[in-house]
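Text of input22.cif (mmCIF, C-alpha atoms) as supplied:
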data_input
loop_
_atom_site.label_atom_id
_atom_site.label_comp_id
_atom_site.auth_asym_id
_atom_site.auth_seq_id
_atom_site.Cartn_x
_atom_site.Cartn_y
_atom_site.Cartn_z
CA MET A 1 70.53 111.90 162.13
CA GLU A 2 73.87 111.58 163.87
CA GLN A 3 76.08 114.66 163.97
CA LYS A 4 79.32 114.76 162.02
CA LYS A 5 82.41 114.44 164.19
CA ILE A 6 85.44 116.65 163.53
CA ARG A 7 88.90 115.40 164.51
CA ILE A 8 90.80 118.09 166.40
CA GLY A 9 93.79 116.11 167.64
CA ARG A 10 95.47 112.75 168.10
CA ILE A 11 96.83 111.43 171.37
CA VAL A 12 100.47 110.62 170.67
CA ASN A 13 101.88 109.98 174.13
CA CYS A 14 101.57 110.35 177.89
CA HIS A 15 103.16 113.01 180.04
CA GLY A 16 104.14 112.41 183.63
CA VAL A 17 102.46 109.97 186.01
CA LYS A 18 99.14 111.74 186.69
CA GLY A 19 97.39 110.78 183.45
CA GLU A 20 98.10 113.77 181.22
CA VAL A 21 98.05 112.97 177.50
CA VAL A 22 100.11 114.60 174.75
CA VAL A 23 97.89 115.69 171.86
CA LEU A 24 99.11 116.47 168.37
CA PRO A 25 96.72 119.26 167.29
CA LEU A 26 94.87 118.87 163.98
CA THR A 27 93.61 122.42 164.09
CA ASP A 28 95.07 125.76 163.07
CA ASP A 29 94.36 127.36 166.45
CA ASN A 30 95.76 125.62 169.53
CA ARG A 31 93.89 128.07 171.78
CA ARG A 32 90.70 126.14 171.04
CA PHE A 33 91.90 123.40 173.44
CA HIS A 34 91.92 125.85 176.37
CA LYS A 35 88.18 126.47 175.85
CA LEU A 36 87.16 122.81 175.57
CA LYS A 37 84.75 121.55 178.18
CA LYS A 38 84.32 118.09 176.67
CA VAL A 39 85.83 115.98 173.92
CA LEU A 40 84.79 112.83 172.09
CA LEU A 41 87.34 110.03 172.13
CA GLU A 42 87.14 108.14 168.82
CA LEU A 43 87.22 104.43 169.62
CA PRO A 44 87.72 101.50 167.23
CA GLY A 45 84.58 100.51 165.34
CA GLY A 46 83.31 104.07 164.89
CA ARG A 47 82.22 104.47 168.50
CA TYR A 48 82.83 107.57 170.66
CA ARG A 49 83.23 108.16 174.37
CA GLU A 50 82.61 111.60 175.81
CA LEU A 51 85.16 112.85 178.32
CA ALA A 52 85.25 116.10 180.26
CA VAL A 53 88.40 118.18 179.79
CA GLN A 54 89.81 119.21 183.15
CA GLY A 55 92.84 121.12 181.92
CA ALA A 56 94.88 122.06 178.88
CA ARG A 57 98.30 123.59 178.37
CA GLU A 58 100.77 123.94 175.52
CA HIS A 59 104.06 122.09 175.54
CA LYS A 60 106.64 121.95 172.69
CA GLY A 61 104.04 122.57 169.96
CA ASN A 62 101.66 119.99 171.34
CA ILE A 63 98.84 120.16 173.86
CA LEU A 64 98.85 118.46 177.24
CA LEU A 65 95.32 117.53 178.29
CA THR A 66 93.99 116.34 181.59
CA LEU A 67 90.87 114.27 180.97
CA GLU A 68 88.14 113.10 183.32
CA ASN A 69 88.72 109.59 184.75
CA VAL A 70 92.28 109.40 183.39
CA SER A 71 94.27 109.74 186.58
CA ASP A 72 97.48 107.77 186.02
CA ARG A 73 100.01 106.92 183.34
CA ASN A 74 98.62 103.40 182.78
CA GLN A 75 95.18 104.77 181.92
CA ALA A 76 96.72 107.42 179.65
CA GLU A 77 98.80 104.75 177.82
CA THR A 78 95.58 103.02 176.69
CA LEU A 79 94.55 106.19 174.81
CA LYS A 80 97.66 106.45 172.62
CA ASN A 81 96.94 106.89 168.89
CA LEU A 82 93.24 107.61 169.44
CA TYR A 83 91.68 110.73 167.93
CA LEU A 84 89.95 113.49 169.86
CA CYS A 85 86.84 114.87 168.17
CA VAL A 86 84.09 117.40 168.66
CA ASN A 87 80.60 117.51 167.21
CA GLU A 88 80.38 119.70 164.11
CA GLU A 89 78.23 122.23 166.00
CA ASP A 90 81.03 122.64 168.57
CA ALA A 91 83.82 123.03 166.01
CA VAL A 92 85.64 126.35 165.82
CA LYS A 93 85.67 127.63 162.25
CA PRO A 94 87.25 130.99 161.50
CA LYS A 95 85.20 133.22 159.22
CA GLY A 96 85.95 132.71 155.54
CA SER A 97 87.56 129.30 155.97
CA TYR A 98 86.44 125.72 155.43
CA PHE A 99 86.97 122.36 157.04
CA ILE A 100 88.99 119.88 154.97
CA TYR A 101 86.02 117.51 154.73
CA GLU A 102 84.02 120.34 153.10
CA ILE A 103 86.69 120.90 150.41
CA VAL A 104 87.38 117.25 149.52
CA GLY A 105 84.99 116.17 146.78
CA LEU A 106 84.36 119.62 145.29
CA ALA A 107 84.41 119.79 141.50
CA VAL A 108 87.10 122.22 140.29
CA TYR A 109 86.07 124.57 137.47
CA GLU A 110 87.77 127.29 135.50
CA GLY A 111 84.91 128.85 133.57
CA ASP A 112 82.97 125.97 131.97
CA ILE A 113 85.89 123.52 132.10
CA CYS A 114 85.82 120.93 134.89
CA TYR A 115 89.33 119.71 135.76
CA GLY A 116 88.24 117.06 138.24
CA LYS A 117 87.57 116.88 141.96
CA VAL A 118 89.55 117.77 145.04
CA THR A 119 90.74 114.41 146.39
CA ALA A 120 92.95 115.64 149.25
CA VAL A 121 94.20 118.72 151.07
CA LEU A 122 97.92 118.77 151.79
CA GLN A 123 99.03 120.91 154.73
CA ASN A 124 102.79 120.44 154.61
CA SER A 125 103.80 123.99 153.72
CA SER A 126 102.83 127.56 154.48
CA THR A 127 100.04 127.29 151.90
CA ASP A 128 97.63 124.38 151.71
CA LEU A 129 97.56 122.51 148.41
CA TYR A 130 94.42 121.02 146.91
CA GLU A 131 95.07 117.72 145.15
CA VAL A 132 92.84 117.70 142.06
CA THR A 133 92.22 114.40 140.28
CA GLY A 134 90.59 114.33 136.86
CA GLU A 135 90.68 112.64 133.47
CA THR A 136 94.12 114.07 132.67
CA GLY A 137 95.68 112.97 135.96
CA VAL A 138 96.56 114.70 139.22
CA PHE A 139 97.75 118.24 139.84
CA TYR A 140 98.14 120.44 142.91
CA LEU A 141 96.43 123.78 143.26
CA PRO A 142 97.60 126.31 145.87
CA ALA A 143 94.86 127.38 148.25
CA LEU A 144 95.30 131.09 147.60
CA LYS A 145 92.65 133.78 147.15
CA SER A 146 94.28 134.67 143.83
CA VAL A 147 93.67 131.09 142.63
CA VAL A 148 90.46 130.02 144.40
CA LYS A 149 87.85 132.54 143.33
CA GLN A 150 84.72 131.02 144.86
CA ILE A 151 83.62 127.98 146.83
CA ASP A 152 79.98 126.95 146.68
CA LEU A 153 79.40 124.10 149.13
CA GLU A 154 75.75 123.74 148.14
CA ALA A 155 76.65 123.25 144.47
CA GLN A 156 79.76 121.21 145.44
CA ARG A 157 81.84 123.49 143.20
CA MET A 158 85.11 125.41 143.42
CA ASP A 159 85.76 128.11 140.82
CA VAL A 160 89.45 128.77 140.22
CA GLU A 161 91.90 130.69 138.06
CA ILE A 162 94.68 128.24 137.34
CA PRO A 163 98.11 129.93 137.38
CA LYS A 164 99.88 130.03 134.01
CA GLY A 165 102.23 127.10 133.54
CA LEU A 166 100.73 124.98 136.32
CA LEU A 167 99.27 122.40 133.94
CA ASP A 168 102.19 122.42 131.44
#
Whole structure, structure tokens version:
Amino acid sequence: MEQKKIRIGRIVNCHGVKGEVVVLPLTDDNRRFHKLKKVLLELPGGRYRELAVQGAREHKGNILLTLENVSDRNQAETLKNLYLCVNEEDAVKPKGSYFIYEIVGLAVYEGDICYGKVTAVLQNSSTDLYEVTGETGVFYLPALKSVVKQIDLEAQRMDVEIPKGLLD
């Protein structure tokens, strides 16, 4: 069985003339790029190409990566808009947190009432929001410990305490 690939960044540009690429991080911890030895370049058609990481540094909120066999700007240009991934076993996951793909699809319960499933995770503010879609429509649940009481990945269930007024 093929391993799940986790997207950790997207190449958004080139930097300089020696083949460095500018990566928009899709991770909460940019330090993870400094420890990377290899990365999987996600190619069209669901294919991947493994590349060794030769260097990483932070620059204006992004990451500049030097990749194996990418030695000039022309080569780096061909990588624009491609995603960088790692195998799930190589992913860095802080204790007590979950990957977005693990959260999407969970059934959301308050007691015995199922409100629907998590259909998306929005990361636009200081607190993630879980988009919950059910029979009564869509609502957004803050990803706070006071709201999300338990996540059971095996049972595909999230137990919550919905804040008063949220569904009014």
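Comparing A:Tyr130, A:Tyr98, A:Tyr48, A:Tyr109 by their smallest distance to Ala143 in chain A, the closest is A:Tyr130 (using all atoms listed in the file).
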Hey, what comes out of the PyMOL selection byres ((chain A and resi 47) around 12) on this file? Could you write it as JSON, numbers by chain? {"A": [2, 5, 40, 41, 42, 43, 44, 45, 46, 48, 49, 50, 82, 83, 84, 85]}
I need the residues from that last selection saved to file as a PDB file, in the frame of the given file (with C-alpha atoms), if you can.
ATOM      1  CA  GLU A   2      73.870 111.580 163.870  1.00  0.00           C
ATOM      2  CA  LYS A   5      82.410 114.440 164.190  1.00  0.00           C
ATOM      3  CA  LEU A  40      84.790 112.830 172.090  1.00  0.00           C
ATOM      4  CA  LEU A  41      87.340 110.030 172.130  1.00  0.00           C
ATOM      5  CA  GLU A  42      87.140 108.140 168.820  1.00  0.00           C
ATOM      6  CA  LEU A  43      87.220 104.430 169.620  1.00  0.00           C
ATOM      7  CA  PRO A  44      87.720 101.500 167.230  1.00  0.00           C
ATOM      8  CA  GLY A  45      84.580 100.510 165.340  1.00  0.00           C
ATOM      9  CA  GLY A  46      83.310 104.070 164.890  1.00  0.00           C
ATOM     10  CA  TYR A  48      82.830 107.570 170.660  1.00  0.00           C
ATOM     11  CA  ARG A  49      83.230 108.160 174.370  1.00  0.00           C
ATOM     12  CA  GLU A  50      82.610 111.600 175.810  1.00  0.00           C
ATOM     13  CA  LEU A  82      93.240 107.610 169.440  1.00  0.00           C
ATOM     14  CA  TYR A  83      91.680 110.730 167.930  1.00  0.00           C
ATOM     15  CA  LEU A  84      89.950 113.490 169.860  1.00  0.00           C
ATOM     16  CA  CYS A  85      86.840 114.870 168.170  1.00  0.00           C
TER      17      CYS A  85
END
As an exercise, work out the distance from CA of Val23 in chain A to CA of Glu131 in chain A in Å and give it to one decimal place. 26.9 Å
Local residues around (86.2, 118.1, 137.1), at most 9 Å away, using only C-alpha atoms, as a list of chain:residue names: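 Applying the cut-off with only C-alpha atoms, one gets A:Leu106, A:Ala107, A:Val108, A:Tyr109, A:Ile113, A:Cys114, A:Tyr115, A:Gly116, A:Lys117, A:Val118, A:Val132, A:Thr133, A:Gly134, A:Glu135.
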Using the chain letters and residue numbers of this document, give as a list in words the residues selected by the PyMOL selection byres ((chain A and resi 38) around 8). Leu36, Lys37, Val39, Leu40, Glu50, Leu51, Ala52 and Val53 of chain A
Residues selected by the PyMOL selection byres ((chain A and resi 129) around 7), written as JSON, numbers by chain: {"A": [121, 122, 123, 127, 128, 130, 131, 140, 141, 142, 143]}
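Restricting the calculation to all atoms listed in the file, the smallest distance between Arg157 in chain A and any of A:Glu102, A:Val86, A:Arg31, A:Val92 is found for A:Glu102.
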If we count all atoms listed in the file, what is near Val12 in chain A at a cut-off of 8 Å, once residues fewer than 4 positions away on the same chain are taken out, given as number ranges by chain? A: 21-24, 80-82
Could you dump the residues just selected with C-alpha atoms as a PDB file, in the coordinates of the input?
ATOM      1  CA  VAL A  21      98.050 112.970 177.500  1.00  0.00           C
ATOM      2  CA  VAL A  22     100.110 114.600 174.750  1.00  0.00           C
ATOM      3  CA  VAL A  23      97.890 115.690 171.860  1.00  0.00           C
ATOM      4  CA  LEU A  24      99.110 116.470 168.370  1.00  0.00           C
ATOM      5  CA  LYS A  80      97.660 106.450 172.620  1.00  0.00           C
ATOM      6  CA  ASN A  81      96.940 106.890 168.890  1.00  0.00           C
ATOM      7  CA  LEU A  82      93.240 107.610 169.440  1.00  0.00           C
TER       8      LEU A  82
END
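Of the residues under consideration (A:Glu58, A:Glu20, A:Glu161, A:Glu154), A:Glu20 shows the shortest atom-to-atom contact distance to Ser71 in chain A when counting all atoms listed in the file.
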Have a look at CA of Asp159 in chain A and CA of Leu144 in chain A and let me know their distance in Å, one decimal.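 According to the coordinates, CA of Asp159 in chain A and CA of Leu144 in chain A are separated by 12.1 Å.
As for CA of Ile11 in chain A and CA of Thr66 in chain A, they are spaced 11.7 Å apart.
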Pick out the closest residue to Gly61 in chain A from this set: A:Glu77, A:Asp90, A:Asp29, A:Glu110. Count all atoms listed in the file. A:Asp29
Dump as a VMD selection string all residues having an atom at most 6 Å from (92.4, 130.2, 139.6), computed in the file's coordinates with all atoms listed in the file. chain A and resid 147 to 148 160 to 162
Compile the contact shell of Arg57 in chain A as number ranges by chain: residues with an atom at most 10 Å away, counting all atoms listed in the file, same-chain residues fewer than 2 positions apart removed. A: 22, 30-31, 33-34, 55, 59, 62-66
Residues at most 9 Å from range 74-76 of chain A, counting all atoms listed in the file, excluding those fewer than 4 positions away in the same chain, as a PyMOL selection string? chain A and resi 13-15+17-21+69-70+80
Measuring between only C-alpha atoms, which one of A:Asp168, A:Glu88, A:Asp72, A:Asp112 shows the shortest distance to Ile8 in chain A? A:Glu88
